[in-house]
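Participant: I am sharing upload_12.pdb, which consists of PDB, C-alpha atoms:
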ATOM      1  CA  MET M 258     -20.117  -2.842  77.470
ATOM      2  CA  SER M 259     -22.097  -0.437  75.326
ATOM      3  CA  LEU M 260     -20.473   2.617  73.775
ATOM      4  CA  GLU M 261     -22.803   5.329  75.055
ATOM      5  CA  SER M 262     -24.002   8.183  72.862
ATOM      6  CA  PRO M 263     -22.803  10.994  75.195
ATOM      7  CA  LEU M 264     -19.272   9.665  74.776
ATOM      8  CA  ALA M 265     -19.658   9.290  71.040
ATOM      9  CA  VAL M 266     -21.008  12.705  70.229
ATOM     10  CA  GLN M 267     -17.742  14.506  70.955
ATOM     11  CA  ARG M 268     -18.193  16.596  67.859
ATOM     12  CA  GLN M 269     -21.763  16.780  66.541
ATOM     13  CA  LYS M 270     -22.221  16.956  62.793
ATOM     14  CA  ALA M 271     -25.299  16.223  60.742
ATOM     15  CA  LEU M 272     -24.888  13.328  58.335
ATOM     16  CA  PRO M 273     -25.202  14.325  54.685
ATOM     17  CA  ALA M 274     -28.808  14.445  53.556
ATOM     18  CA  ARG M 275     -28.034  12.329  50.509
ATOM     19  CA  ARG M 276     -27.541   9.237  52.678
ATOM     20  CA  ARG M 277     -30.562   7.108  53.410
ATOM     21  CA  PRO M 278     -31.789   7.124  57.004
ATOM     22  CA  VAL M 279     -30.454   4.172  58.931
ATOM     23  CA  THR M 280     -31.366   2.602  62.223
ATOM     24  CA  PRO M 281     -28.711   3.593  64.782
ATOM     25  CA  HIS M 282     -26.632   0.750  66.122
ATOM     26  CA  ALA M 283     -24.562   1.040  69.310
ATOM     27  CA  PRO M 284     -21.372  -1.061  69.147
ATOM     28  CA  THR M 285     -19.985  -2.820  72.171
ATOM     29  CA  LEU M 286     -16.510  -2.565  73.621
ATOM     30  CA  PRO M 287     -13.834  -3.494  72.872
ATOM     31  CA  LEU M 288     -14.102  -2.279  69.288
ATOM     32  CA  LYS M 289     -12.682  -4.719  66.741
ATOM     33  CA  VAL M 290     -10.491  -2.885  64.238
ATOM     34  CA  GLY M 291      -9.717  -4.520  60.901
ATOM     35  CA  THR M 292      -6.325  -3.984  59.270
ATOM     36  CA  ARG M 293      -4.001  -5.599  56.778
ATOM     37  CA  ALA M 294      -0.904  -7.298  58.164
ATOM     38  CA  SER M 295       1.819  -5.189  56.539
ATOM     39  CA  PRO M 296       4.039  -3.050  58.773
ATOM     40  CA  LEU M 297       2.673   0.091  57.106
ATOM     41  CA  ALA M 298      -0.954  -0.956  57.625
ATOM     42  CA  LEU M 299      -0.308  -1.711  61.302
ATOM     43  CA  THR M 300       1.532   1.594  61.791
ATOM     44  CA  GLN M 301      -1.348   3.505  60.227
ATOM     45  CA  THR M 302      -3.919   1.623  62.299
ATOM     46  CA  ARG M 303      -2.122   2.235  65.582
ATOM     47  CA  GLY M 304      -1.600   5.873  64.703
ATOM     48  CA  PHE M 305      -5.312   6.324  64.120
ATOM     49  CA  LEU M 306      -6.289   4.558  67.349
ATOM     50  CA  ALA M 307      -3.904   6.773  69.317
ATOM     51  CA  MET M 308      -5.382   9.835  67.616
ATOM     52  CA  LEU M 309      -8.924   8.721  68.416
ATOM     53  CA  SER M 310      -8.067   8.092  72.069
ATOM     54  CA  ASN M 311      -6.443  11.516  72.348
ATOM     55  CA  ALA M 312      -9.443  13.205  70.713
ATOM     56  CA  CYS M 313     -11.857  11.494  73.105
ATOM     57  CA  PRO M 314     -10.535  11.800  76.682
ATOM     58  CA  ALA M 315     -13.185   9.418  78.008
ATOM     59  CA  LEU M 316     -11.508   6.579  76.071
ATOM     60  CA  ARG M 317      -8.096   7.012  77.666
ATOM     61  CA  GLY M 318      -7.018   4.185  79.905
ATOM     62  CA  MET M 319      -9.917   2.002  78.767
ATOM     63  CA  ASP M 320      -9.609  -1.395  77.109
ATOM     64  CA  VAL M 321     -11.250  -0.060  73.955
ATOM     65  CA  PHE M 322      -9.649  -1.590  70.855
ATOM     66  CA  ARG M 323      -8.770  -5.034  69.498
ATOM     67  CA  GLU M 324      -6.718  -5.251  66.304
ATOM     68  CA  GLN M 325      -7.995  -7.855  63.852
ATOM     69  CA  VAL M 326      -5.156  -8.513  61.405
ATOM     70  CA  MET M 327      -6.607  -9.830  58.162
ATOM     71  CA  SER M 328      -5.196 -11.379  55.010
ATOM     72  CA  THR M 329      -6.523 -10.022  51.730
ATOM     73  CA  THR M 330      -6.368 -11.407  48.207
ATOM     74  CA  GLY M 331      -4.313  -8.395  47.180
ATOM     75  CA  ASP M 332      -1.678  -9.309  49.766
ATOM     76  CA  ALA M 333      -1.736 -13.041  49.068
ATOM     77  CA  VAL M 334      -1.306 -12.919  45.286
ATOM     78  CA  GLN M 335       2.032 -11.294  44.492
ATOM     79  CA  HIS M 336       3.010 -12.836  41.147
ATOM     80  CA  CYS M 337       0.833 -10.653  38.921
ATOM     81  CA  ARG M 338      -0.660  -7.195  38.700
ATOM     82  CA  LEU M 339      -3.839  -6.440  40.613
ATOM     83  CA  ALA M 340      -5.614  -5.660  37.338
ATOM     84  CA  GLU M 341      -5.213  -9.288  36.318
ATOM     85  CA  ILE M 342      -7.013 -10.595  39.417
ATOM     86  CA  GLY M 343      -9.711  -7.998  40.026
ATOM     87  CA  GLY M 344      -8.253  -4.564  40.771
ATOM     88  CA  LYS M 345      -7.357  -2.512  43.812
ATOM     89  CA  GLY M 346     -10.530  -3.463  45.705
ATOM     90  CA  LEU M 347      -8.833  -6.772  46.503
ATOM     91  CA  PHE M 348      -6.952  -5.014  49.307
ATOM     92  CA  ALA M 349     -10.285  -4.367  51.044
ATOM     93  CA  LYS M 350     -12.653  -7.121  49.892
ATOM     94  CA  GLU M 351     -12.189  -9.529  52.796
ATOM     95  CA  ILE M 352     -11.994  -6.682  55.305
ATOM     96  CA  HIS M 353     -15.306  -5.226  54.163
ATOM     97  CA  GLU M 354     -16.935  -8.660  54.222
ATOM     98  CA  ALA M 355     -15.879  -8.918  57.873
ATOM     99  CA  LEU M 356     -17.245  -5.437  58.514
ATOM    100  CA  LEU M 357     -20.630  -6.238  56.999
ATOM    101  CA  ASP M 358     -21.080  -9.497  58.900
ATOM    102  CA  GLY M 359     -20.054  -7.940  62.226
ATOM    103  CA  ARG M 360     -16.692  -9.626  62.789
ATOM    104  CA  ILE M 361     -15.093  -6.171  62.976
ATOM    105  CA  ASP M 362     -16.494  -2.716  63.818
ATOM    106  CA  LEU M 363     -14.265  -0.476  61.700
ATOM    107  CA  ALA M 364     -11.344  -0.784  59.295
ATOM    108  CA  VAL M 365      -8.268   1.301  58.533
ATOM    109  CA  HIS M 366      -7.014   1.611  54.945
ATOM    110  CA  SER M 367      -4.638   3.470  52.682
ATOM    111  CA  MET M 368      -7.324   5.332  50.781
ATOM    112  CA  LYS M 369      -5.607   4.891  47.426
ATOM    113  CA  ASP M 370      -6.251   1.140  47.804
ATOM    114  CA  LEU M 371     -10.008   1.539  48.304
ATOM    115  CA  GLU M 372     -12.398   0.914  45.439
ATOM    116  CA  THR M 373     -14.094   4.099  44.213
ATOM    117  CA  ASN M 374     -17.574   2.724  45.017
ATOM    118  CA  LEU M 375     -17.778   1.202  48.481
ATOM    119  CA  PRO M 376     -20.023  -1.835  49.032
ATOM    120  CA  PRO M 377     -23.625  -1.046  50.049
ATOM    121  CA  GLY M 378     -23.886  -0.576  53.803
ATOM    122  CA  ILE M 379     -20.293   0.681  54.194
ATOM    123  CA  VAL M 380     -19.336   4.351  54.407
ATOM    124  CA  LEU M 381     -16.194   6.428  54.586
ATOM    125  CA  ALA M 382     -16.442   7.371  58.251
ATOM    126  CA  CYS M 383     -13.213   9.271  58.771
ATOM    127  CA  VAL M 384     -10.364  10.729  56.704
ATOM    128  CA  LEU M 385      -7.070  11.555  58.431
ATOM    129  CA  PRO M 386      -4.705  14.454  57.659
ATOM    130  CA  ARG M 387      -2.865  13.825  54.413
ATOM    131  CA  GLU M 388       0.825  13.015  54.432
ATOM    132  CA  ASP M 389       3.027  14.152  51.526
ATOM    133  CA  PRO M 390       1.355  12.615  48.429
ATOM    134  CA  ARG M 391       4.444  12.551  46.195
ATOM    135  CA  ASP M 392       6.281   9.484  44.901
ATOM    136  CA  ALA M 393       9.891   8.733  45.769
ATOM    137  CA  LEU M 394      12.489   7.209  43.468
ATOM    138  CA  ILE M 395      14.509   4.435  45.125
ATOM    139  CA  LEU M 396      17.881   3.878  43.418
ATOM    140  CA  SER M 397      20.143   0.849  43.731
ATOM    141  CA  ASP M 398      23.132   3.127  43.057
ATOM    142  CA  ALA M 399      23.271   5.350  46.117
ATOM    143  CA  ALA M 400      25.816   7.580  44.391
ATOM    144  CA  ALA M 401      23.556   8.349  41.439
ATOM    145  CA  CYS M 402      22.478  11.947  41.155
ATOM    146  CA  ALA M 403      20.059  13.942  39.061
ATOM    147  CA  SER M 404      19.922  17.439  37.708
ATOM    148  CA  ALA M 405      17.509  19.804  39.406
ATOM    149  CA  ALA M 406      15.725  20.293  36.096
ATOM    150  CA  ASP M 407      15.292  16.566  35.429
ATOM    151  CA  PRO M 408      14.981  14.262  38.451
ATOM    152  CA  LEU M 409      14.774  11.217  36.157
ATOM    153  CA  SER M 410      18.261  11.933  34.827
ATOM    154  CA  ALA M 411      19.589   9.867  37.725
ATOM    155  CA  LEU M 412      18.376   6.783  35.856
ATOM    156  CA  PRO M 413      20.923   5.432  33.369
ATOM    157  CA  HIS M 414      19.880   4.739  29.784
ATOM    158  CA  GLY M 415      17.883   1.498  29.623
ATOM    159  CA  ALA M 416      17.534   1.246  33.414
ATOM    160  CA  LEU M 417      15.318  -1.541  34.747
ATOM    161  CA  ILE M 418      12.530  -0.177  36.972
ATOM    162  CA  GLY M 419      10.591  -2.407  39.335
ATOM    163  CA  THR M 420       6.929  -1.454  39.745
ATOM    164  CA  SER M 421       3.441  -2.917  39.451
ATOM    165  CA  SER M 422       1.783   0.484  39.014
ATOM    166  CA  VAL M 423       0.580   1.228  35.477
ATOM    167  CA  ARG M 424       0.298   4.903  36.519
ATOM    168  CA  ARG M 425       3.991   5.079  37.402
ATOM    169  CA  GLN M 426       4.986   2.990  34.384
ATOM    170  CA  ALA M 427       3.083   5.193  31.918
ATOM    171  CA  GLN M 428       4.587   8.416  33.237
ATOM    172  CA  LEU M 429       8.106   6.984  33.305
ATOM    173  CA  LEU M 430       7.900   5.651  29.743
ATOM    174  CA  HIS M 431       6.307   8.845  28.461
ATOM    175  CA  ALA M 432       9.279  10.829  29.788
ATOM    176  CA  ARG M 433      11.915   8.144  29.144
ATOM    177  CA  PRO M 434      10.978   5.574  26.472
ATOM    178  CA  ASP M 435      14.386   3.914  26.930
ATOM    179  CA  LEU M 436      13.486   2.635  30.397
ATOM    180  CA  ARG M 437      12.507  -0.992  30.982
ATOM    181  CA  ILE M 438       9.807  -2.113  33.420
ATOM    182  CA  THR M 439       9.669  -5.286  35.493
ATOM    183  CA  LEU M 440       6.880  -6.379  37.814
ATOM    184  CA  MET M 441       7.579  -5.714  41.480
ATOM    185  CA  ARG M 442       5.035  -6.067  44.270
ATOM    186  CA  GLY M 443       5.230  -6.514  48.038
ATOM    187  CA  ASN M 444       5.353  -4.378  51.143
ATOM    188  CA  VAL M 445       7.599  -1.352  51.524
ATOM    189  CA  GLN M 446      10.564  -3.132  53.097
ATOM    190  CA  SER M 447      10.511  -6.039  50.653
ATOM    191  CA  ARG M 448      10.653  -3.631  47.717
ATOM    192  CA  LEU M 449      13.485  -1.677  49.293
ATOM    193  CA  ASP M 450      15.337  -4.969  49.761
ATOM    194  CA  LYS M 451      14.798  -5.983  46.122
ATOM    195  CA  VAL M 452      16.305  -2.733  44.889
ATOM    196  CA  ALA M 453      19.211  -2.980  47.331
ATOM    197  CA  SER M 454      19.953  -6.533  46.185
ATOM    198  CA  GLY M 455      20.231  -5.422  42.562
ATOM    199  CA  ARG M 456      17.119  -7.076  41.169
ATOM    200  CA  CYS M 457      16.424  -3.784  39.409
ATOM    201  CA  ASP M 458      18.052  -0.393  39.037
ATOM    202  CA  ALA M 459      15.267   1.521  40.735
ATOM    203  CA  SER M 460      11.707   1.447  42.014
ATOM    204  CA  LEU M 461       9.124   3.956  43.178
ATOM    205  CA  LEU M 462       7.309   4.126  46.512
ATOM    206  CA  ALA M 463       4.837   6.538  48.041
ATOM    207  CA  LEU M 464       6.754   9.017  50.175
ATOM    208  CA  ALA M 465       3.889   8.960  52.709
ATOM    209  CA  GLY M 466       4.492   5.308  53.502
ATOM    210  CA  LEU M 467       8.225   5.810  53.898
ATOM    211  CA  LYS M 468       7.660   8.733  56.265
ATOM    212  CA  ARG M 469       5.137   6.853  58.398
ATOM    213  CA  LEU M 470       7.577   3.964  58.753
ATOM    214  CA  GLY M 471      10.493   6.244  59.589
ATOM    215  CA  LEU M 472      12.205   5.310  56.311
ATOM    216  CA  GLU M 473      12.185   8.696  54.620
ATOM    217  CA  ASN M 474      15.969   8.542  54.210
ATOM    218  CA  GLU M 475      15.507   5.596  51.830
ATOM    219  CA  ALA M 476      14.074   8.010  49.253
ATOM    220  CA  SER M 477      16.855   8.757  46.765
ATOM    221  CA  ILE M 478      14.850  11.454  44.977
ATOM    222  CA  VAL M 479      11.409  12.857  45.792
ATOM    223  CA  LEU M 480       9.651  13.379  42.469
ATOM    224  CA  PRO M 481       7.737  16.643  41.963
ATOM    225  CA  ILE M 482       4.109  16.231  40.961
ATOM    226  CA  ASP M 483       4.844  17.781  37.566
ATOM    227  CA  VAL M 484       7.177  14.813  36.929
ATOM    228  CA  MET M 485       5.135  12.043  38.572
ATOM    229  CA  LEU M 486       1.477  12.729  39.353
ATOM    230  CA  PRO M 487       0.415  10.667  42.399
ATOM    231  CA  SER M 488      -2.389   8.177  42.644
ATOM    232  CA  ALA M 489      -5.778   9.573  43.667
ATOM    233  CA  ALA M 490      -5.901   9.933  47.480
ATOM    234  CA  GLN M 491      -2.254   8.908  47.897
ATOM    235  CA  GLY M 492      -1.036   9.765  51.392
ATOM    236  CA  ILE M 493      -4.522   9.672  52.966
ATOM    237  CA  VAL M 494      -5.567   7.131  55.591
ATOM    238  CA  ALA M 495      -9.282   6.312  55.551
ATOM    239  CA  ILE M 496     -11.500   4.538  58.061
ATOM    240  CA  THR M 497     -14.602   2.682  56.934
ATOM    241  CA  ALA M 498     -17.549   1.644  59.094
ATOM    242  CA  ARG M 499     -21.064   0.282  58.726
ATOM    243  CA  ALA M 500     -23.631   2.892  57.721
ATOM    244  CA  ASP M 501     -25.869   2.030  60.669
ATOM    245  CA  ASP M 502     -23.145   2.514  63.302
ATOM    246  CA  ILE M 503     -24.179   6.122  63.912
ATOM    247  CA  VAL M 504     -22.677   6.289  67.407
ATOM    248  CA  LEU M 505     -19.296   5.022  66.237
ATOM    249  CA  ARG M 506     -19.316   7.248  63.168
ATOM    250  CA  ASN M 507     -20.044  10.319  65.287
ATOM    251  CA  LEU M 508     -17.194   9.361  67.596
ATOM    252  CA  MET M 509     -14.729   9.224  64.709
ATOM    253  CA  LEU M 510     -15.725  12.639  63.393
ATOM    254  CA  ALA M 511     -13.398  14.056  66.044
ATOM    255  CA  CYS M 512     -10.507  12.857  63.838
ATOM    256  CA  ASP M 513     -11.957  13.759  60.437
ATOM    257  CA  ASP M 514      -9.718  16.191  58.534
ATOM    258  CA  ARG M 515     -11.619  18.696  56.397
ATOM    259  CA  ASP M 516      -8.844  19.381  53.872
ATOM    260  CA  SER M 517      -8.202  15.681  53.302
ATOM    261  CA  ARG M 518     -11.921  15.025  52.935
ATOM    262  CA  ILE M 519     -12.176  17.755  50.279
ATOM    263  CA  ALA M 520      -9.167  16.388  48.405
ATOM    264  CA  ALA M 521     -10.499  12.842  48.573
ATOM    265  CA  ASP M 522     -13.922  13.944  47.320
ATOM    266  CA  ALA M 523     -12.380  15.676  44.298
ATOM    267  CA  GLU M 524      -9.852  13.004  43.379
ATOM    268  CA  ARG M 525     -12.161  10.033  43.876
ATOM    269  CA  ALA M 526     -14.959  11.761  41.937
ATOM    270  CA  MET M 527     -12.606  12.138  38.980
ATOM    271  CA  LEU M 528     -11.553   8.520  39.303
ATOM    272  CA  ARG M 529     -15.177   7.392  39.459
ATOM    273  CA  VAL M 530     -16.068   9.179  36.211
ATOM    274  CA  LEU M 531     -13.067   7.622  34.497
ATOM    275  CA  ASP M 532     -14.091   4.234  35.889
ATOM    276  CA  GLY M 533     -10.560   3.980  37.151
ATOM    277  CA  SER M 534      -9.118   0.629  38.146
ATOM    278  CA  CYS M 535      -5.619  -0.765  38.186
ATOM    279  CA  ARG M 536      -6.015  -1.332  34.441
ATOM    280  CA  SER M 537      -5.968   2.367  33.516
ATOM    281  CA  PRO M 538      -3.013   4.705  34.181
ATOM    282  CA  ILE M 539      -4.717   7.532  36.080
ATOM    283  CA  GLY M 540      -3.263  10.101  38.469
ATOM    284  CA  ALA M 541      -4.849  12.862  40.528
ATOM    285  CA  VAL M 542      -3.836  15.298  43.222
ATOM    286  CA  THR M 543      -5.451  18.331  44.849
ATOM    287  CA  THR M 544      -3.554  21.411  45.969
ATOM    288  CA  ARG M 545      -4.814  24.500  47.742
ATOM    289  CA  THR M 546      -4.585  27.743  45.761
ATOM    290  CA  ALA M 547      -6.185  30.090  48.307
ATOM    291  CA  PRO M 548      -8.398  29.854  51.395
ATOM    292  CA  GLY M 549     -11.540  28.055  50.306
ATOM    293  CA  ARG M 550     -10.213  27.148  46.844
ATOM    294  CA  ILE M 551      -8.474  24.091  45.355
ATOM    295  CA  ARG M 552      -6.803  23.032  42.132
ATOM    296  CA  LEU M 553      -7.358  19.434  41.022
ATOM    297  CA  THR M 554      -4.832  18.054  38.534
ATOM    298  CA  GLY M 555      -5.620  14.831  36.733
ATOM    299  CA  LEU M 556      -3.911  12.571  34.233
ATOM    300  CA  VAL M 557      -4.779   9.683  31.942
ATOM    301  CA  ALA M 558      -2.265   7.778  29.833
ATOM    302  CA  ARG M 559      -1.517   4.636  27.897
ATOM    303  CA  GLU M 560       0.396   1.990  29.787
ATOM    304  CA  ASP M 561       3.259   2.150  27.303
ATOM    305  CA  GLY M 562       3.560   5.929  27.671
ATOM    306  CA  SER M 563       2.699   6.602  24.023
ATOM    307  CA  PHE M 564      -0.176   8.896  25.081
ATOM    308  CA  LEU M 565      -0.459  11.108  28.148
ATOM    309  CA  LEU M 566      -3.033  13.806  28.830
ATOM    310  CA  ARG M 567      -2.847  16.045  31.874
ATOM    311  CA  ASP M 568      -5.143  18.906  32.860
ATOM    312  CA  SER M 569      -6.283  20.918  35.894
ATOM    313  CA  ILE M 570      -9.430  22.570  37.190
ATOM    314  CA  GLU M 571      -9.931  25.118  39.976
ATOM    315  CA  ALA M 572     -12.976  25.257  42.224
ATOM    316  CA  ALA M 573     -14.313  26.297  45.599
ATOM    317  CA  ASP M 574     -14.041  23.742  48.404
ATOM    318  CA  ALA M 575     -17.803  23.183  48.316
ATOM    319  CA  GLU M 576     -17.579  22.217  44.640
ATOM    320  CA  ALA M 577     -14.767  19.658  45.056
ATOM    321  CA  ARG M 578     -16.799  16.654  44.005
ATOM    322  CA  ALA M 579     -18.372  18.475  41.064
ATOM    323  CA  ALA M 580     -14.925  19.659  39.952
ATOM    324  CA  GLY M 581     -13.641  16.094  40.032
ATOM    325  CA  GLU M 582     -16.544  14.903  37.926
ATOM    326  CA  ALA M 583     -16.053  17.743  35.425
ATOM    327  CA  LEU M 584     -12.329  17.068  35.047
ATOM    328  CA  GLY M 585     -12.982  13.353  34.696
ATOM    329  CA  ARG M 586     -15.489  13.952  31.893
ATOM    330  CA  SER M 587     -13.096  16.314  30.113
ATOM    331  CA  LEU M 588     -10.184  13.870  30.270
ATOM    332  CA  LYS M 589     -12.328  10.957  29.148
ATOM    333  CA  LEU M 590     -13.712  12.909  26.192
ATOM    334  CA  ARG M 591     -10.222  13.801  24.939
ATOM    335  CA  ALA M 592      -8.464  10.481  25.585
ATOM    336  CA  PRO M 593      -8.391   7.484  23.232
ATOM    337  CA  SER M 594     -11.071   4.949  24.149
ATOM    338  CA  ASP M 595      -8.575   2.084  24.336
ATOM    339  CA  ILE M 596      -7.157   3.538  27.572
ATOM    340  CA  PHE M 597     -10.335   2.578  29.430
ATOM    341  CA  LEU M 598     -10.810  -0.934  28.030
TER
END
Here is the file; what I need is its structure written in the form of structure tokens.

Facilitator:
Amino acid sequence: MSLESPLAVQRQKALPARRRPVTPHAPTLPLKVGTRASPLALTQTRGFLAMLSNACPALRGMDVFREQVMSTTGDAVQHCRLAEIGGKGLFAKEIHEALLDGRIDLAVHSMKDLETNLPPGIVLACVLPREDPRDALILSDAAACASAADPLSALPHGALIGTSSVRRQAQLLHARPDLRITLMRGNVQSRLDKVASGRCDASLLALAGLKRLGLENEASIVLPIDVMLPSAAQGIVAITARADDIVLRNLMLACDDRDSRIAADAERAMLRVLDGSCRSPIGAVTTRTAPGRIRLTGLVAREDGSFLLRDSIEAADAEARAAGEALGRSLKLRAPSDIFL
């Protein structure tokens, strides 16, 4: 069954002029939706599909979607850091290959796991409202407490922290050089279980993922962004589609969140200038300072915490991408070159 244009154009918007003209392609129902297999990925996918159905009344009650659960290299290889096997794009590589060859029609991702430059022929079709972007500290000692002035004071001297994120590691070691780091990867529940079993004293998880899974109470301490700057686009769910699927892309615009799109444009532009991968400790987050204005805060650091540079830039919403590029250039100019090797 063809997905007709009158149904799709629920919310007309002109595509940006910078994109090359493409030949419209009308997908057929049911739409095949690509997703990773983790509980968080499935929760995010089902949340988006429910949102899309609610935004488009004509879809309600129809047999519209088919989940296509896919295994990615990033999920399969757990014994080393992503940087050692190709970077964060490995969470999307196989999914985007399936998108390009037509095995799926769209894909749902945690945007922080997307590469900064999408493969040719694939576009960011929809950006959902951002959940809380902060990181949460997960402690094995439930009775541990921290001072309001120093959330990291809950960690005992020499505590062993489980994480695979060089961004988190660099910020922790910069603030607390006494801490020790051990590699920890896996889905949200498996990492919670590893901390609970005593394999390390603490770990860090994105608060957004905990909240979406109904596990917010597992967060021992929510870290302010002045203590732990999040990953670029953390807390944002993104949907990718083929560039030529104009009908489908127009349909999904009904769910596109303007504030999240602005934040993503700024943060990913900064990341792109810094050529950010999992090898470089980089953080970024956008906050709103006034109607129509944002502040982008960015960070670069050495993995061992011996160097950390943090700065901010303010701009109008319309200049979000340009602000990200400007902040990225400024940080790169002032940081040691070895950070980006």

Participant: Need to verify the contact set: Lys589 of chain M, 10 Å, all atoms listed in the file, exclusion of same-chain residues closer than 4 positions in sequence. Can you return it as number ranges by chain?

Facilitator: M: 527, 530-532, 556-557, 566, 583-585, 593-594, 596-597

Participant: Report as a ChimeraX atom specification the full result of the PyMOL selection byres ((chain M and resi 477) around 8) when it is applied to this structure.

Facilitator: /M:393-396,399,474-476,478-479

Participant: Take the selection from the previous step and output its residues with C-alpha atoms, as a JSON list (two decimals), keeping the file's coordinate frame.

Facilitator:
[["chain", "number", "residue", "atom", "x", "y", "z"],
["M", 393, "ALA", "CA", 9.89, 8.73, 45.77],
["M", 394, "LEU", "CA", 12.49, 7.21, 43.47],
["M", 395, "ILE", "CA", 14.51, 4.43, 45.12],
["M", 396, "LEU", "CA", 17.88, 3.88, 43.42],
["M", 399, "ALA", "CA", 23.27, 5.35, 46.12],
["M", 474, "ASN", "CA", 15.97, 8.54, 54.21],
["M", 475, "GLU", "CA", 15.51, 5.60, 51.83],
["M", 476, "ALA", "CA", 14.07, 8.01, 49.25],
["M", 478, "ILE", "CA", 14.85, 11.45, 44.98],
["M", 479, "VAL", "CA", 11.41, 12.86, 45.79]]

Participant: So how many Å separate atom CA of His366 of chain M and atom CA of Pro390 of chain M, to one decimal?

Facilitator: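 Separating atom CA of His366 of chain M from atom CA of Pro390 of chain M is a distance of 15.3 Å.
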
Participant: What residues come out when you apply the PyMOL selection byres ((chain M and resi 580) around 10) to this file, written as a PDB file with C-alpha atoms, keeping the file's coordinate frame?

Facilitator:
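This is the output file expr05.pdb:
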ATOM      1  CA  ASP M 522     -13.922  13.944  47.320  1.00  0.00           C
ATOM      2  CA  ALA M 523     -12.380  15.676  44.298  1.00  0.00           C
ATOM      3  CA  GLU M 524      -9.852  13.004  43.379  1.00  0.00           C
ATOM      4  CA  ALA M 526     -14.959  11.761  41.937  1.00  0.00           C
ATOM      5  CA  MET M 527     -12.606  12.138  38.980  1.00  0.00           C
ATOM      6  CA  ILE M 551      -8.474  24.091  45.355  1.00  0.00           C
ATOM      7  CA  ARG M 552      -6.803  23.032  42.132  1.00  0.00           C
ATOM      8  CA  LEU M 553      -7.358  19.434  41.022  1.00  0.00           C
ATOM      9  CA  SER M 569      -6.283  20.918  35.894  1.00  0.00           C
ATOM     10  CA  ILE M 570      -9.430  22.570  37.190  1.00  0.00           C
ATOM     11  CA  GLU M 571      -9.931  25.118  39.976  1.00  0.00           C
ATOM     12  CA  ALA M 572     -12.976  25.257  42.224  1.00  0.00           C
ATOM     13  CA  ALA M 573     -14.313  26.297  45.599  1.00  0.00           C
ATOM     14  CA  ASP M 574     -14.041  23.742  48.404  1.00  0.00           C
ATOM     15  CA  ALA M 575     -17.803  23.183  48.316  1.00  0.00           C
ATOM     16  CA  GLU M 576     -17.579  22.217  44.640  1.00  0.00           C
ATOM     17  CA  ALA M 577     -14.767  19.658  45.056  1.00  0.00           C
ATOM     18  CA  ARG M 578     -16.799  16.654  44.005  1.00  0.00           C
ATOM     19  CA  ALA M 579     -18.372  18.475  41.064  1.00  0.00           C
ATOM     20  CA  GLY M 581     -13.641  16.094  40.032  1.00  0.00           C
ATOM     21  CA  GLU M 582     -16.544  14.903  37.926  1.00  0.00           C
ATOM     22  CA  ALA M 583     -16.053  17.743  35.425  1.00  0.00           C
ATOM     23  CA  LEU M 584     -12.329  17.068  35.047  1.00  0.00           C
ATOM     24  CA  GLY M 585     -12.982  13.353  34.696  1.00  0.00           C
ATOM     25  CA  ARG M 586     -15.489  13.952  31.893  1.00  0.00           C
TER      26      ARG M 586
END

Participant: Can you list, as an mmCIF file with C-alpha atoms, in the frame of the given file, every protein, DNA or RNA residue that comes within 9 Å of segment 428-433 of chain M when you count all atoms listed in the file, leaving out same-chain residues fewer than 5 positions away?

Facilitator:
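Below you can see out.cif, which holds the result:
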data_model
loop_
_atom_site.group_PDB
_atom_site.id
_atom_site.type_symbol
_atom_site.label_atom_id
_atom_site.label_comp_id
_atom_site.auth_asym_id
_atom_site.auth_seq_id
_atom_site.Cartn_x
_atom_site.Cartn_y
_atom_site.Cartn_z
ATOM 1 C CA LEU M 409 14.774 11.217 36.157
ATOM 2 C CA HIS M 414 19.880 4.739 29.784
ATOM 3 C CA GLY M 415 17.883 1.498 29.623
ATOM 4 C CA VAL M 423 0.580 1.228 35.477
ATOM 5 C CA ILE M 438 9.807 -2.113 33.420
ATOM 6 C CA VAL M 484 7.177 14.813 36.929
ATOM 7 C CA MET M 485 5.135 12.043 38.572
ATOM 8 C CA LEU M 486 1.477 12.729 39.353
ATOM 9 C CA PRO M 538 -3.013 4.705 34.181
ATOM 10 C CA ALA M 558 -2.265 7.778 29.833
ATOM 11 C CA ARG M 559 -1.517 4.636 27.897
ATOM 12 C CA GLU M 560 0.396 1.990 29.787
ATOM 13 C CA ASP M 561 3.259 2.150 27.303
ATOM 14 C CA GLY M 562 3.560 5.929 27.671
ATOM 15 C CA SER M 563 2.699 6.602 24.023
ATOM 16 C CA PHE M 564 -0.176 8.896 25.081
ATOM 17 C CA LEU M 565 -0.459 11.108 28.148
#

Participant: Got a sec: who's within 8 Å of Gly466 of chain M, counting only C-alpha atoms, leaving out chain neighbours fewer than 2 positions off, as a PyMOL selection string?

Facilitator: chain M and resi 297+445+462-464+468-470+492

Participant: Please evaluate the PyMOL selection byres ((chain M and resi 322) around 7) against the structure above and give the resulting residues as a PyMOL selection string.

Facilitator: chain M and resi 287-290+320-321+323-324

Participant: Any idea what the distance is between atom CA of Pro413 of chain M and atom CA of Thr439 of chain M?

Facilitator: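 Going from atom CA of Pro413 of chain M over to atom CA of Thr439 of chain M, I get 15.7 Å.
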
Participant: Point out the residue among M:Ser587, M:Ser328, M:Thr544, M:Ser421 with the least atom-to-atom distance to His353 of chain M, counting all atoms listed in the file.

Facilitator: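 Under the stated criterion, the closest residue is M:Ser328.
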